[in-house]
>>> print(open('my_file.pdb').read())   # PDB, C-alpha atoms
ATOM      1  CA  MET A  71     -63.352 183.590  77.798  1.00  0.00           C
ATOM      2  CA  GLY A  72     -62.117 184.517  81.268  1.00  0.00           C
ATOM      3  CA  LYS A  73     -60.796 187.803  82.572  1.00  0.00           C
ATOM      4  CA  ASN A  74     -57.228 186.507  82.376  1.00  0.00           C
ATOM      5  CA  VAL A  75     -55.928 184.899  79.172  1.00  0.00           C
ATOM      6  CA  ILE A  76     -52.384 183.683  78.580  1.00  0.00           C
ATOM      7  CA  PHE A  77     -51.172 182.457  75.190  1.00  0.00           C
ATOM      8  CA  PHE A  78     -48.239 180.068  75.378  1.00  0.00           C
ATOM      9  CA  PHE A  79     -45.860 178.341  72.978  1.00  0.00           C
ATOM     10  CA  SER A  80     -44.046 175.404  74.522  1.00  0.00           C
ATOM     11  CA  GLY A  81     -41.975 172.530  73.200  1.00  0.00           C
ATOM     12  CA  THR A  82     -40.377 170.953  76.249  1.00  0.00           C
ATOM     13  CA  GLY A  83     -42.964 172.214  78.719  1.00  0.00           C
ATOM     14  CA  ASN A  84     -40.970 175.012  80.352  1.00  0.00           C
ATOM     15  CA  CYS A  85     -43.194 177.793  79.021  1.00  0.00           C
ATOM     16  CA  LEU A  86     -46.384 175.946  79.917  1.00  0.00           C
ATOM     17  CA  SER A  87     -45.029 175.485  83.431  1.00  0.00           C
ATOM     18  CA  ILE A  88     -44.255 179.211  83.675  1.00  0.00           C
ATOM     19  CA  ALA A  89     -47.690 180.129  82.296  1.00  0.00           C
ATOM     20  CA  ARG A  90     -49.424 177.876  84.822  1.00  0.00           C
ATOM     21  CA  ASN A  91     -47.437 179.343  87.701  1.00  0.00           C
ATOM     22  CA  ILE A  92     -48.258 182.901  86.640  1.00  0.00           C
ATOM     23  CA  ALA A  93     -51.929 181.963  86.205  1.00  0.00           C
ATOM     24  CA  LYS A  94     -52.084 180.654  89.759  1.00  0.00           C
ATOM     25  CA  GLY A  95     -50.576 183.889  91.036  1.00  0.00           C
ATOM     26  CA  ILE A  96     -53.074 186.154  89.278  1.00  0.00           C
ATOM     27  CA  GLY A  97     -56.152 184.288  90.432  1.00  0.00           C
ATOM     28  CA  GLY A  98     -56.491 181.874  87.539  1.00  0.00           C
ATOM     29  CA  ALA A  99     -56.410 182.155  83.754  1.00  0.00           C
ATOM     30  CA  GLN A 100     -57.340 180.498  80.501  1.00  0.00           C
ATOM     31  CA  LEU A 101     -54.150 179.171  78.892  1.00  0.00           C
ATOM     32  CA  ILE A 102     -54.288 178.998  75.092  1.00  0.00           C
ATOM     33  CA  ARG A 103     -51.772 176.906  73.163  1.00  0.00           C
ATOM     34  CA  ILE A 104     -50.248 178.648  70.146  1.00  0.00           C
ATOM     35  CA  LYS A 105     -50.260 176.237  67.228  1.00  0.00           C
ATOM     36  CA  LYS A 106     -51.196 175.854  63.577  1.00  0.00           C
ATOM     37  CA  GLY A 107     -54.927 176.155  62.980  1.00  0.00           C
ATOM     38  CA  MET A 108     -55.672 177.357  66.505  1.00  0.00           C
ATOM     39  CA  SER A 109     -59.006 179.031  67.056  1.00  0.00           C
ATOM     40  CA  LYS A 110     -58.760 182.697  68.009  1.00  0.00           C
ATOM     41  CA  PRO A 111     -60.650 183.387  71.238  1.00  0.00           C
ATOM     42  CA  ASP A 112     -62.857 186.389  71.875  1.00  0.00           C
ATOM     43  CA  LEU A 113     -60.800 188.704  74.081  1.00  0.00           C
ATOM     44  CA  SER A 114     -63.431 191.425  74.431  1.00  0.00           C
ATOM     45  CA  ASP A 115     -63.924 190.585  78.124  1.00  0.00           C
ATOM     46  CA  ALA A 116     -60.275 189.867  78.937  1.00  0.00           C
ATOM     47  CA  ASP A 117     -58.798 192.362  81.395  1.00  0.00           C
ATOM     48  CA  ARG A 118     -55.334 190.801  81.230  1.00  0.00           C
ATOM     49  CA  VAL A 119     -53.764 189.228  78.141  1.00  0.00           C
ATOM     50  CA  GLY A 120     -50.324 187.645  78.332  1.00  0.00           C
ATOM     51  CA  PHE A 121     -47.833 185.692  76.240  1.00  0.00           C
ATOM     52  CA  VAL A 122     -45.270 183.155  77.411  1.00  0.00           C
ATOM     53  CA  PHE A 123     -42.840 181.813  74.838  1.00  0.00           C
ATOM     54  CA  PRO A 124     -39.225 180.652  74.391  1.00  0.00           C
ATOM     55  CA  CYS A 125     -36.229 182.431  72.926  1.00  0.00           C
ATOM     56  CA  TYR A 126     -35.276 180.731  69.653  1.00  0.00           C
ATOM     57  CA  GLY A 127     -32.157 181.801  67.790  1.00  0.00           C
ATOM     58  CA  GLY A 128     -32.057 185.186  69.455  1.00  0.00           C
ATOM     59  CA  GLY A 129     -35.750 185.777  68.770  1.00  0.00           C
ATOM     60  CA  ALA A 130     -38.923 183.725  69.204  1.00  0.00           C
ATOM     61  CA  PRO A 131     -40.996 181.217  67.229  1.00  0.00           C
ATOM     62  CA  GLU A 132     -42.670 183.027  64.327  1.00  0.00           C
ATOM     63  CA  ASP A 133     -45.875 181.294  65.388  1.00  0.00           C
ATOM     64  CA  VAL A 134     -46.066 183.678  68.363  1.00  0.00           C
ATOM     65  CA  PHE A 135     -46.017 186.753  66.143  1.00  0.00           C
ATOM     66  CA  ASP A 136     -48.441 185.211  63.632  1.00  0.00           C
ATOM     67  CA  CYS A 137     -50.871 184.561  66.481  1.00  0.00           C
ATOM     68  CA  ALA A 138     -50.502 188.052  67.947  1.00  0.00           C
ATOM     69  CA  LYS A 139     -51.247 189.688  64.598  1.00  0.00           C
ATOM     70  CA  THR A 140     -54.695 188.091  64.523  1.00  0.00           C
ATOM     71  CA  LEU A 141     -55.762 189.056  68.041  1.00  0.00           C
ATOM     72  CA  LYS A 142     -57.924 191.980  69.082  1.00  0.00           C
ATOM     73  CA  VAL A 143     -57.198 193.100  72.617  1.00  0.00           C
ATOM     74  CA  LYS A 144     -59.667 195.527  74.129  1.00  0.00           C
ATOM     75  CA  PRO A 145     -58.415 199.059  74.887  1.00  0.00           C
ATOM     76  CA  GLY A 146     -57.142 199.369  78.434  1.00  0.00           C
ATOM     77  CA  ALA A 147     -56.411 195.658  78.901  1.00  0.00           C
ATOM     78  CA  TYR A 148     -53.239 194.899  80.819  1.00  0.00           C
ATOM     79  CA  THR A 149     -50.836 193.151  78.444  1.00  0.00           C
ATOM     80  CA  PHE A 150     -47.657 191.309  79.373  1.00  0.00           C
ATOM     81  CA  GLY A 151     -45.026 189.026  77.920  1.00  0.00           C
ATOM     82  CA  VAL A 152     -42.597 186.542  79.451  1.00  0.00           C
ATOM     83  CA  THR A 153     -39.852 184.743  77.588  1.00  0.00           C
ATOM     84  CA  SER A 154     -38.026 181.615  78.701  1.00  0.00           C
ATOM     85  CA  CYS A 155     -34.403 181.242  77.704  1.00  0.00           C
ATOM     86  CA  ALA A 156     -31.200 179.510  78.693  1.00  0.00           C
ATOM     87  CA  ALA A 157     -29.244 182.737  79.173  1.00  0.00           C
ATOM     88  CA  TYR A 158     -30.461 185.845  77.303  1.00  0.00           C
ATOM     89  CA  LYS A 159     -33.916 187.060  76.363  1.00  0.00           C
ATOM     90  CA  GLY A 160     -33.285 187.833  72.675  1.00  0.00           C
ATOM     91  CA  THR A 161     -35.503 190.044  70.527  1.00  0.00           C
ATOM     92  CA  GLY A 162     -38.814 188.230  70.949  1.00  0.00           C
ATOM     93  CA  LEU A 163     -40.388 190.515  73.540  1.00  0.00           C
ATOM     94  CA  ALA A 164     -39.380 193.655  71.692  1.00  0.00           C
ATOM     95  CA  LYS A 165     -40.780 192.304  68.411  1.00  0.00           C
ATOM     96  CA  LEU A 166     -44.027 191.251  70.074  1.00  0.00           C
ATOM     97  CA  HIS A 167     -44.278 194.715  71.651  1.00  0.00           C
ATOM     98  CA  LYS A 168     -44.422 196.207  68.158  1.00  0.00           C
ATOM     99  CA  ILE A 169     -47.468 194.060  67.350  1.00  0.00           C
ATOM    100  CA  ILE A 170     -49.308 194.270  70.674  1.00  0.00           C
ATOM    101  CA  PRO A 171     -47.949 196.985  72.976  1.00  0.00           C
ATOM    102  CA  LEU A 172     -46.958 195.289  76.219  1.00  0.00           C
ATOM    103  CA  LYS A 173     -47.245 197.085  79.515  1.00  0.00           C
ATOM    104  CA  TYR A 174     -44.907 194.620  81.186  1.00  0.00           C
ATOM    105  CA  TRP A 175     -42.351 192.054  80.186  1.00  0.00           C
ATOM    106  CA  SER A 176     -39.966 189.752  81.993  1.00  0.00           C
ATOM    107  CA  VAL A 177     -37.599 186.792  81.572  1.00  0.00           C
ATOM    108  CA  VAL A 178     -37.276 183.394  83.267  1.00  0.00           C
ATOM    109  CA  THR A 179     -34.165 181.346  82.492  1.00  0.00           C
ATOM    110  CA  HIS A 180     -34.536 177.579  82.430  1.00  0.00           C
ATOM    111  CA  HIS A 181     -32.896 174.459  81.044  1.00  0.00           C
ATOM    112  CA  CYS A 182     -31.978 174.571  77.361  1.00  0.00           C
ATOM    113  CA  SER A 183     -34.359 172.724  75.038  1.00  0.00           C
ATOM    114  CA  CYS A 184     -32.213 172.886  71.872  1.00  0.00           C
ATOM    115  CA  ILE A 185     -30.405 169.588  72.295  1.00  0.00           C
ATOM    116  CA  TRP A 186     -28.321 169.876  69.122  1.00  0.00           C
ATOM    117  CA  LEU A 187     -26.935 173.238  70.243  1.00  0.00           C
ATOM    118  CA  PHE A 188     -26.264 172.758  73.969  1.00  0.00           C
ATOM    119  CA  PRO A 189     -26.790 170.097  76.633  1.00  0.00           C
ATOM    120  CA  HIS A 190     -30.021 170.762  78.508  1.00  0.00           C
ATOM    121  CA  ASP A 191     -28.280 171.888  81.704  1.00  0.00           C
ATOM    122  CA  MET A 192     -26.815 174.853  79.840  1.00  0.00           C
ATOM    123  CA  MET A 193     -28.584 177.710  81.612  1.00  0.00           C
ATOM    124  CA  MET A 194     -27.701 180.817  83.575  1.00  0.00           C
ATOM    125  CA  PRO A 195     -27.427 180.429  86.475  1.00  0.00           C
ATOM    126  CA  ARG A 196     -26.415 176.766  86.284  1.00  0.00           C
ATOM    127  CA  LEU A 197     -28.983 174.768  88.250  1.00  0.00           C
ATOM    128  CA  THR A 198     -30.264 171.215  88.494  1.00  0.00           C
ATOM    129  CA  ILE A 199     -33.656 170.454  86.957  1.00  0.00           C
ATOM    130  CA  GLY A 200     -35.312 170.586  90.358  1.00  0.00           C
ATOM    131  CA  GLU A 201     -33.591 173.845  91.285  1.00  0.00           C
ATOM    132  CA  ALA A 202     -34.552 175.376  87.948  1.00  0.00           C
ATOM    133  CA  GLU A 203     -38.222 174.524  88.501  1.00  0.00           C
ATOM    134  CA  ALA A 204     -38.099 175.931  92.035  1.00  0.00           C
ATOM    135  CA  ARG A 205     -36.617 179.129  90.597  1.00  0.00           C
ATOM    136  CA  ASN A 206     -39.343 179.152  87.950  1.00  0.00           C
ATOM    137  CA  GLU A 207     -42.009 179.005  90.660  1.00  0.00           C
ATOM    138  CA  ASP A 208     -40.352 181.789  92.651  1.00  0.00           C
ATOM    139  CA  LEU A 209     -39.855 184.129  89.680  1.00  0.00           C
ATOM    140  CA  SER A 210     -43.319 183.396  88.287  1.00  0.00           C
ATOM    141  CA  ALA A 211     -44.847 184.303  91.645  1.00  0.00           C
ATOM    142  CA  LYS A 212     -42.988 187.638  91.597  1.00  0.00           C
ATOM    143  CA  ILE A 213     -44.083 188.291  88.016  1.00  0.00           C
ATOM    144  CA  ALA A 214     -47.670 187.464  88.951  1.00  0.00           C
ATOM    145  CA  LYS A 215     -47.541 189.933  91.841  1.00  0.00           C
ATOM    146  CA  ASP A 216     -46.277 192.648  89.499  1.00  0.00           C
ATOM    147  CA  ILE A 217     -49.150 191.887  87.129  1.00  0.00           C
ATOM    148  CA  VAL A 218     -51.743 192.006  89.892  1.00  0.00           C
ATOM    149  CA  ASP A 219     -50.237 195.310  91.072  1.00  0.00           C
ATOM    150  CA  GLY A 220     -50.497 196.653  87.511  1.00  0.00           C
ATOM    151  CA  LYS A 221     -46.817 197.474  87.270  1.00  0.00           C
ATOM    152  CA  THR A 222     -45.260 198.697  84.045  1.00  0.00           C
ATOM    153  CA  ARG A 223     -41.838 197.345  83.151  1.00  0.00           C
ATOM    154  CA  ARG A 224     -40.133 197.058  79.815  1.00  0.00           C
ATOM    155  CA  LYS A 225     -36.513 196.544  78.877  1.00  0.00           C
ATOM    156  CA  PRO A 226     -34.684 198.465  76.126  1.00  0.00           C
ATOM    157  CA  GLY A 227     -35.596 197.751  72.492  1.00  0.00           C
ATOM    158  CA  LEU A 228     -34.084 195.331  70.009  1.00  0.00           C
ATOM    159  CA  ASN A 229     -30.574 194.099  70.743  1.00  0.00           C
ATOM    160  CA  VAL A 230     -28.589 194.438  67.504  1.00  0.00           C
ATOM    161  CA  LEU A 231     -26.558 191.257  68.041  1.00  0.00           C
ATOM    162  CA  ASN A 232     -29.646 189.192  68.833  1.00  0.00           C
ATOM    163  CA  ALA A 233     -31.495 190.658  65.860  1.00  0.00           C
ATOM    164  CA  PHE A 234     -28.578 189.763  63.573  1.00  0.00           C
ATOM    165  CA  GLU A 235     -28.464 186.243  64.998  1.00  0.00           C
ATOM    166  CA  ASN A 236     -32.188 185.821  64.480  1.00  0.00           C
ATOM    167  CA  MET A 237     -31.992 186.823  60.822  1.00  0.00           C
ATOM    168  CA  GLY A 238     -30.301 183.549  59.931  1.00  0.00           C
ATOM    169  CA  PHE A 239     -32.279 181.301  62.261  1.00  0.00           C
ATOM    170  CA  SER A 240     -35.042 180.385  59.809  1.00  0.00           C
ATOM    171  CA  LYS A 241     -32.515 179.076  57.285  1.00  0.00           C
ATOM    172  CA  MET A 242     -30.713 177.164  60.028  1.00  0.00           C
ATOM    173  CA  VAL A 243     -34.006 175.611  61.151  1.00  0.00           C
ATOM    174  CA  GLU A 244     -34.806 174.545  57.596  1.00  0.00           C
ATOM    175  CA  LYS A 245     -31.463 172.768  57.322  1.00  0.00           C
ATOM    176  CA  LYS A 246     -31.778 171.131  60.735  1.00  0.00           C
ATOM    177  CA  ALA A 247     -35.300 169.906  59.974  1.00  0.00           C
ATOM    178  CA  ALA A 248     -33.908 167.883  57.105  1.00  0.00           C
ATOM    179  CA  THR A 249     -31.660 165.978  59.526  1.00  0.00           C
ATOM    180  CA  PHE A 250     -34.501 164.451  61.568  1.00  0.00           C
ATOM    181  CA  SER A 251     -34.510 160.677  61.598  1.00  0.00           C
ATOM    182  CA  VAL A 252     -36.854 158.105  63.108  1.00  0.00           C
ATOM    183  CA  SER A 253     -35.423 154.738  64.115  1.00  0.00           C
ATOM    184  CA  ASP A 254     -37.056 151.326  64.104  1.00  0.00           C
ATOM    185  CA  LYS A 255     -37.760 151.805  67.820  1.00  0.00           C
ATOM    186  CA  CYS A 256     -40.759 153.935  66.778  1.00  0.00           C
ATOM    187  CA  ILE A 257     -44.029 152.188  67.644  1.00  0.00           C
ATOM    188  CA  GLY A 258     -46.280 154.612  65.769  1.00  0.00           C
ATOM    189  CA  CYS A 259     -48.014 155.773  68.957  1.00  0.00           C
ATOM    190  CA  GLY A 260     -48.807 159.160  67.392  1.00  0.00           C
ATOM    191  CA  GLN A 261     -47.837 161.199  70.451  1.00  0.00           C
ATOM    192  CA  CYS A 262     -45.437 163.312  68.378  1.00  0.00           C
ATOM    193  CA  MET A 263     -48.313 164.184  66.009  1.00  0.00           C
ATOM    194  CA  GLY A 264     -50.307 165.690  68.848  1.00  0.00           C
ATOM    195  CA  LEU A 265     -47.312 167.515  70.269  1.00  0.00           C
ATOM    196  CA  CYS A 266     -46.166 169.159  67.035  1.00  0.00           C
ATOM    197  CA  PRO A 267     -47.498 172.752  66.950  1.00  0.00           C
ATOM    198  CA  ARG A 268     -47.281 172.893  63.159  1.00  0.00           C
ATOM    199  CA  GLY A 269     -48.903 169.595  62.201  1.00  0.00           C
ATOM    200  CA  ASN A 270     -45.573 168.596  60.686  1.00  0.00           C
ATOM    201  CA  ILE A 271     -45.685 164.911  61.645  1.00  0.00           C
ATOM    202  CA  THR A 272     -47.702 162.039  60.216  1.00  0.00           C
ATOM    203  CA  ILE A 273     -47.763 158.311  60.891  1.00  0.00           C
ATOM    204  CA  ILE A 274     -47.111 156.290  57.753  1.00  0.00           C
ATOM    205  CA  GLU A 275     -47.132 152.492  57.869  1.00  0.00           C
ATOM    206  CA  GLY A 276     -46.815 152.543  61.644  1.00  0.00           C
ATOM    207  CA  LYS A 277     -43.871 154.930  61.788  1.00  0.00           C
ATOM    208  CA  ALA A 278     -43.552 158.673  62.368  1.00  0.00           C
ATOM    209  CA  LYS A 279     -42.704 160.781  59.340  1.00  0.00           C
ATOM    210  CA  ILE A 280     -41.359 164.276  60.081  1.00  0.00           C
ATOM    211  CA  GLY A 281     -41.668 167.006  57.458  1.00  0.00           C
ATOM    212  CA  THR A 282     -39.694 170.210  56.980  1.00  0.00           C
ATOM    213  CA  ASN A 283     -42.245 172.710  58.332  1.00  0.00           C
ATOM    214  CA  CYS A 284     -40.453 172.719  61.667  1.00  0.00           C
ATOM    215  CA  THR A 285     -39.782 175.449  64.228  1.00  0.00           C
ATOM    216  CA  GLN A 286     -37.332 173.353  66.267  1.00  0.00           C
ATOM    217  CA  CYS A 287     -39.436 173.139  69.426  1.00  0.00           C
ATOM    218  CA  LEU A 288     -38.145 169.516  69.577  1.00  0.00           C
ATOM    219  CA  SER A 289     -41.170 168.400  71.550  1.00  0.00           C
ATOM    220  CA  CYS A 290     -41.380 165.260  69.410  1.00  0.00           C
ATOM    221  CA  LEU A 291     -37.793 164.302  70.225  1.00  0.00           C
ATOM    222  CA  GLN A 292     -37.710 165.250  73.891  1.00  0.00           C
ATOM    223  CA  TYR A 293     -40.980 163.503  74.805  1.00  0.00           C
ATOM    224  CA  CYS A 294     -40.689 160.422  72.569  1.00  0.00           C
ATOM    225  CA  PRO A 295     -41.366 157.443  74.883  1.00  0.00           C
ATOM    226  CA  GLN A 296     -39.099 155.214  72.784  1.00  0.00           C
ATOM    227  CA  SER A 297     -36.284 157.747  72.153  1.00  0.00           C
ATOM    228  CA  ALA A 298     -36.836 156.911  68.495  1.00  0.00           C
ATOM    229  CA  ILE A 299     -36.422 160.444  67.134  1.00  0.00           C
ATOM    230  CA  SER A 300     -33.063 162.137  66.652  1.00  0.00           C
ATOM    231  CA  ILE A 301     -31.676 165.198  64.930  1.00  0.00           C
ATOM    232  CA  GLY A 302     -28.088 164.248  64.251  1.00  0.00           C
ATOM    233  CA  GLU A 303     -25.634 162.200  66.290  1.00  0.00           C
ATOM    234  CA  ILE A 304     -25.284 164.851  68.979  1.00  0.00           C
ATOM    235  CA  SER A 305     -28.926 164.411  70.008  1.00  0.00           C
ATOM    236  CA  GLU A 306     -28.336 160.691  70.504  1.00  0.00           C
ATOM    237  CA  LYS A 307     -25.383 161.303  72.794  1.00  0.00           C
ATOM    238  CA  ARG A 308     -26.891 164.035  74.952  1.00  0.00           C
ATOM    239  CA  GLU A 309     -29.450 163.433  77.675  1.00  0.00           C
ATOM    240  CA  HIS A 310     -32.964 164.333  76.572  1.00  0.00           C
ATOM    241  CA  TYR A 311     -34.958 166.862  78.572  1.00  0.00           C
ATOM    242  CA  HIS A 312     -38.510 167.950  79.193  1.00  0.00           C
ATOM    243  CA  ASN A 313     -40.054 169.829  82.077  1.00  0.00           C
ATOM    244  CA  PRO A 314     -40.618 167.457  85.003  1.00  0.00           C
ATOM    245  CA  ASN A 315     -44.044 168.940  85.789  1.00  0.00           C
ATOM    246  CA  VAL A 316     -45.493 168.876  82.265  1.00  0.00           C
ATOM    247  CA  LYS A 317     -46.797 165.713  80.650  1.00  0.00           C
ATOM    248  CA  PRO A 318     -47.353 165.229  76.891  1.00  0.00           C
ATOM    249  CA  ALA A 319     -51.118 165.239  77.471  1.00  0.00           C
ATOM    250  CA  ASP A 320     -50.810 168.695  79.045  1.00  0.00           C
ATOM    251  CA  LEU A 321     -49.066 170.108  75.980  1.00  0.00           C
ATOM    252  CA  MET A 322     -51.568 168.593  73.596  1.00  0.00           C
ATOM    253  CA  GLN A 323     -54.512 170.480  75.053  1.00  0.00           C
ATOM    254  CA  ASP A 324     -55.680 173.492  73.057  1.00  0.00           C
ATOM    255  CA  SER A 325     -56.938 175.261  76.160  1.00  0.00           C
ATOM    256  CA  ILE A 326     -56.247 174.797  79.864  1.00  0.00           C
ATOM    257  CA  THR A 327     -58.147 176.386  82.689  1.00  0.00           C
ATOM    258  CA  VAL A 328     -56.065 177.143  85.773  1.00  0.00           C
TER
END
>>> encode(input="my_file.pdb", output="structure tokens")
Amino acid sequence: MGKNVIFFFSGTGNCLSIARNIAKGIGGAQLIRIKKGMSKPDLSDADRVGFVFPCYGGGAPEDVFDCAKTLKVKPGAYTFGVTSCAAYKGTGLAKLHKIIPLKYWSVVTHHCSCIWLFPHDMMMPRLTIGEAEARNEDLSAKIAKDIVDGKTRRKPGLNVLNAFENMGFSKMVEKKAATFSVSDKCIGCGQCMGLCPRGNITIIEGKAKIGTNCTQCLSCLQYCPQSAISIGEISEKREHYHNPNVKPADLMQDSITV
């Protein structure tokens, strides 16, 4: 394992894009995808260990915390966290900080990935997809410089409103997962199987079958080449979105060297 390791959770590619940009700015890194059944790397030689993940329901995917609880970071390693969100950072960084103390954390806003909640261009500040990616590159470069300089920066602890919002998110996700549908446009290509971080999708008789063990990353829906997957009528009406610089094959890799 390299000197720089970044764990990322990404559904629509925004967090992978941010992680790659930060990796370039710190002289390269091993990017590790957070997913079900992932192998836990040896971090004994890692001088910098980071996490990049989205804000979900005022918090973060539970997968991020489950991963962090199994990791052993060497004493003295520089640890950092970056969350991607449409408008506000939520409680994810503060909760992760309680598991692995972070010396530095930051936020990068980007296009919204939760298509049933908001259209994808719901972000603060409001920007086009191209402008949002340019902003991502600029902010990631500044974050990378802070990391290289060994800066310490943390925001205040848990926001009560975000924490309250996050309490009900798991039940909301469970209900929304039951509303997934797959149309006859599905060609059984299996791409959604590889994208799903929880192994929640199977191909049965040439058609995708989506289970209920879902974290609402919506990677399956947003990247579907046939637009065959939906999660209620609203997702059929709204324009789908995924990061313009991240391909499905990128997200399906367990480890990426930058």
>>> closest_atom_pairs(input="my_file.pdb", of="segment 171-272 of chain A", to="segment 101-115 of chain A", cutoff="8 Å", atoms="all atoms listed in the file", output="JSON lines")
{"residue": "A:Pro267", "atom": "CA", "partner": "A:Lys105", "partner_atom": "CA", "distance": 4.5}
{"residue": "A:Arg268", "atom": "CA", "partner": "A:Lys106", "partner_atom": "CA", "distance": 4.9}
{"residue": "A:Gly269", "atom": "CA", "partner": "A:Lys106", "partner_atom": "CA", "distance": 6.8}
>>> write_last_selection(input="my_file.pdb", atoms="C-alpha atoms", output="PDB file, in the coordinates of the input")
ATOM      1  CA  PRO A 267     -47.498 172.752  66.950  1.00  0.00           C
ATOM      2  CA  ARG A 268     -47.281 172.893  63.159  1.00  0.00           C
ATOM      3  CA  GLY A 269     -48.903 169.595  62.201  1.00  0.00           C
TER       4      GLY A 269
END
>>> resolve_selection(input="my_file.pdb", expression="the PyMOL selection byres ((chain A and resi 207-216) around 7)", output="PDB file with C-alpha atoms, in the coordinates of the input")
ATOM      1  CA  ILE A  88     -44.255 179.211  83.675  1.00  0.00           C
ATOM      2  CA  ASN A  91     -47.437 179.343  87.701  1.00  0.00           C
ATOM      3  CA  ILE A  92     -48.258 182.901  86.640  1.00  0.00           C
ATOM      4  CA  GLY A  95     -50.576 183.889  91.036  1.00  0.00           C
ATOM      5  CA  ILE A  96     -53.074 186.154  89.278  1.00  0.00           C
ATOM      6  CA  VAL A 178     -37.276 183.394  83.267  1.00  0.00           C
ATOM      7  CA  GLU A 203     -38.222 174.524  88.501  1.00  0.00           C
ATOM      8  CA  ALA A 204     -38.099 175.931  92.035  1.00  0.00           C
ATOM      9  CA  ARG A 205     -36.617 179.129  90.597  1.00  0.00           C
ATOM     10  CA  ASN A 206     -39.343 179.152  87.950  1.00  0.00           C
ATOM     11  CA  ILE A 217     -49.150 191.887  87.129  1.00  0.00           C
ATOM     12  CA  VAL A 218     -51.743 192.006  89.892  1.00  0.00           C
ATOM     13  CA  ASP A 219     -50.237 195.310  91.072  1.00  0.00           C
ATOM     14  CA  GLY A 220     -50.497 196.653  87.511  1.00  0.00           C
ATOM     15  CA  LYS A 221     -46.817 197.474  87.270  1.00  0.00           C
TER      16      LYS A 221
END
>>> closest_residue(input="my_file.pdb", among="A:Cys184, A:Met193, A:Ala319, A:Ala298", to="Tyr158 of chain A", atoms="all atoms listed in the file")
A:Met193
>>> atom_distance(input="my_file.pdb", atom1="atom CA of Asp320 of chain A", atom2="atom CA of Gln292 of chain A")
14.5 Å
>>> closest_residue(input="my_file.pdb", among="A:Gly97, A:Asn74, A:Tyr126, A:His190", to="Ser240 of chain A", atoms="only C-alpha atoms")
A:Tyr126
>>> resolve_selection(input="my_file.pdb", expression="the PyMOL selection byres ((chain A and resi 328) around 7)", output="PyMOL selection string")
chain A and resi 90+93-94+98-100+326-327
>>> resolve_selection(input="my_file.pdb", expression="the PyMOL selection byres ((chain A and resi 129) around 8)", output="PDB file with C-alpha atoms, in the frame of the given file")
ATOM      1  CA  CYS A 125     -36.229 182.431  72.926  1.00  0.00           C
ATOM      2  CA  TYR A 126     -35.276 180.731  69.653  1.00  0.00           C
ATOM      3  CA  GLY A 127     -32.157 181.801  67.790  1.00  0.00           C
ATOM      4  CA  GLY A 128     -32.057 185.186  69.455  1.00  0.00           C
ATOM      5  CA  ALA A 130     -38.923 183.725  69.204  1.00  0.00           C
ATOM      6  CA  PRO A 131     -40.996 181.217  67.229  1.00  0.00           C
ATOM      7  CA  LYS A 159     -33.916 187.060  76.363  1.00  0.00           C
ATOM      8  CA  GLY A 160     -33.285 187.833  72.675  1.00  0.00           C
ATOM      9  CA  THR A 161     -35.503 190.044  70.527  1.00  0.00           C
ATOM     10  CA  GLY A 162     -38.814 188.230  70.949  1.00  0.00           C
ATOM     11  CA  ASN A 232     -29.646 189.192  68.833  1.00  0.00           C
ATOM     12  CA  ALA A 233     -31.495 190.658  65.860  1.00  0.00           C
ATOM     13  CA  ASN A 236     -32.188 185.821  64.480  1.00  0.00           C
TER      14      ASN A 236
END
>>> atom_distance(input="my_file.pdb", atom1="atom CA of Thr249 of chain A", atom2="atom CA of Asn270 of chain A")
14.2 Å
>>> closest_residue(input="my_file.pdb", among="A:Val134, A:Leu86, A:Ile199, A:Leu187", to="Glu303 of chain A", atoms="only C-alpha atoms")
A:Leu187
>>> atom_distance(input="my_file.pdb", atom1="atom CA of Arg224 of chain A", atom2="atom CA of Trp175 of chain A")
5.5 Å
>>> closest_residue(input="my_file.pdb", among="A:Tyr174, A:Phe250, A:Tyr311, A:Phe150", to="Phe121 of chain A", atoms="only C-alpha atoms")
A:Phe150
>>> residues_around(input="my_file.pdb", residues="Glu244 of chain A", least_positions_apart="4", cutoff="12 Å", atoms="only C-alpha atoms", output="list of chain:residue names")
A:Gly238, A:Phe239, A:Ser240, A:Ala248, A:Thr249, A:Phe250, A:Gly281, A:Thr282, A:Asn283, A:Cys284, A:Thr285, A:Gln286
>>> residues_around(input="my_file.pdb", residues="Pro189 of chain A", least_positions_apart="4", cutoff="10 Å", atoms="all atoms listed in the file", output="list in words")
His181, Cys182, Ser183, Cys184, Ile185, Met193, Ile304, Ser305, Lys307, Arg308, Glu309, His310 and Tyr311 of chain A
>>> residues_near_point(input="my_file.pdb", point="(-44.3, 157.6, 62.2)", cutoff="12 Å", atoms="all atoms listed in the file", output="number ranges by chain")
A: 250-263, 270-281, 290, 294, 298-299
>>> closest_residue(input="my_file.pdb", among="A:Ala89, A:Phe77, A:Thr140, A:Gly146", to="Asp324 of chain A", atoms="only C-alpha atoms")
A:Phe77
>>> closest_residue(input="my_file.pdb", among="A:Phe135, A:Tyr293, A:Phe188, A:Phe78", to="Ser154 of chain A", atoms="only C-alpha atoms")
A:Phe78
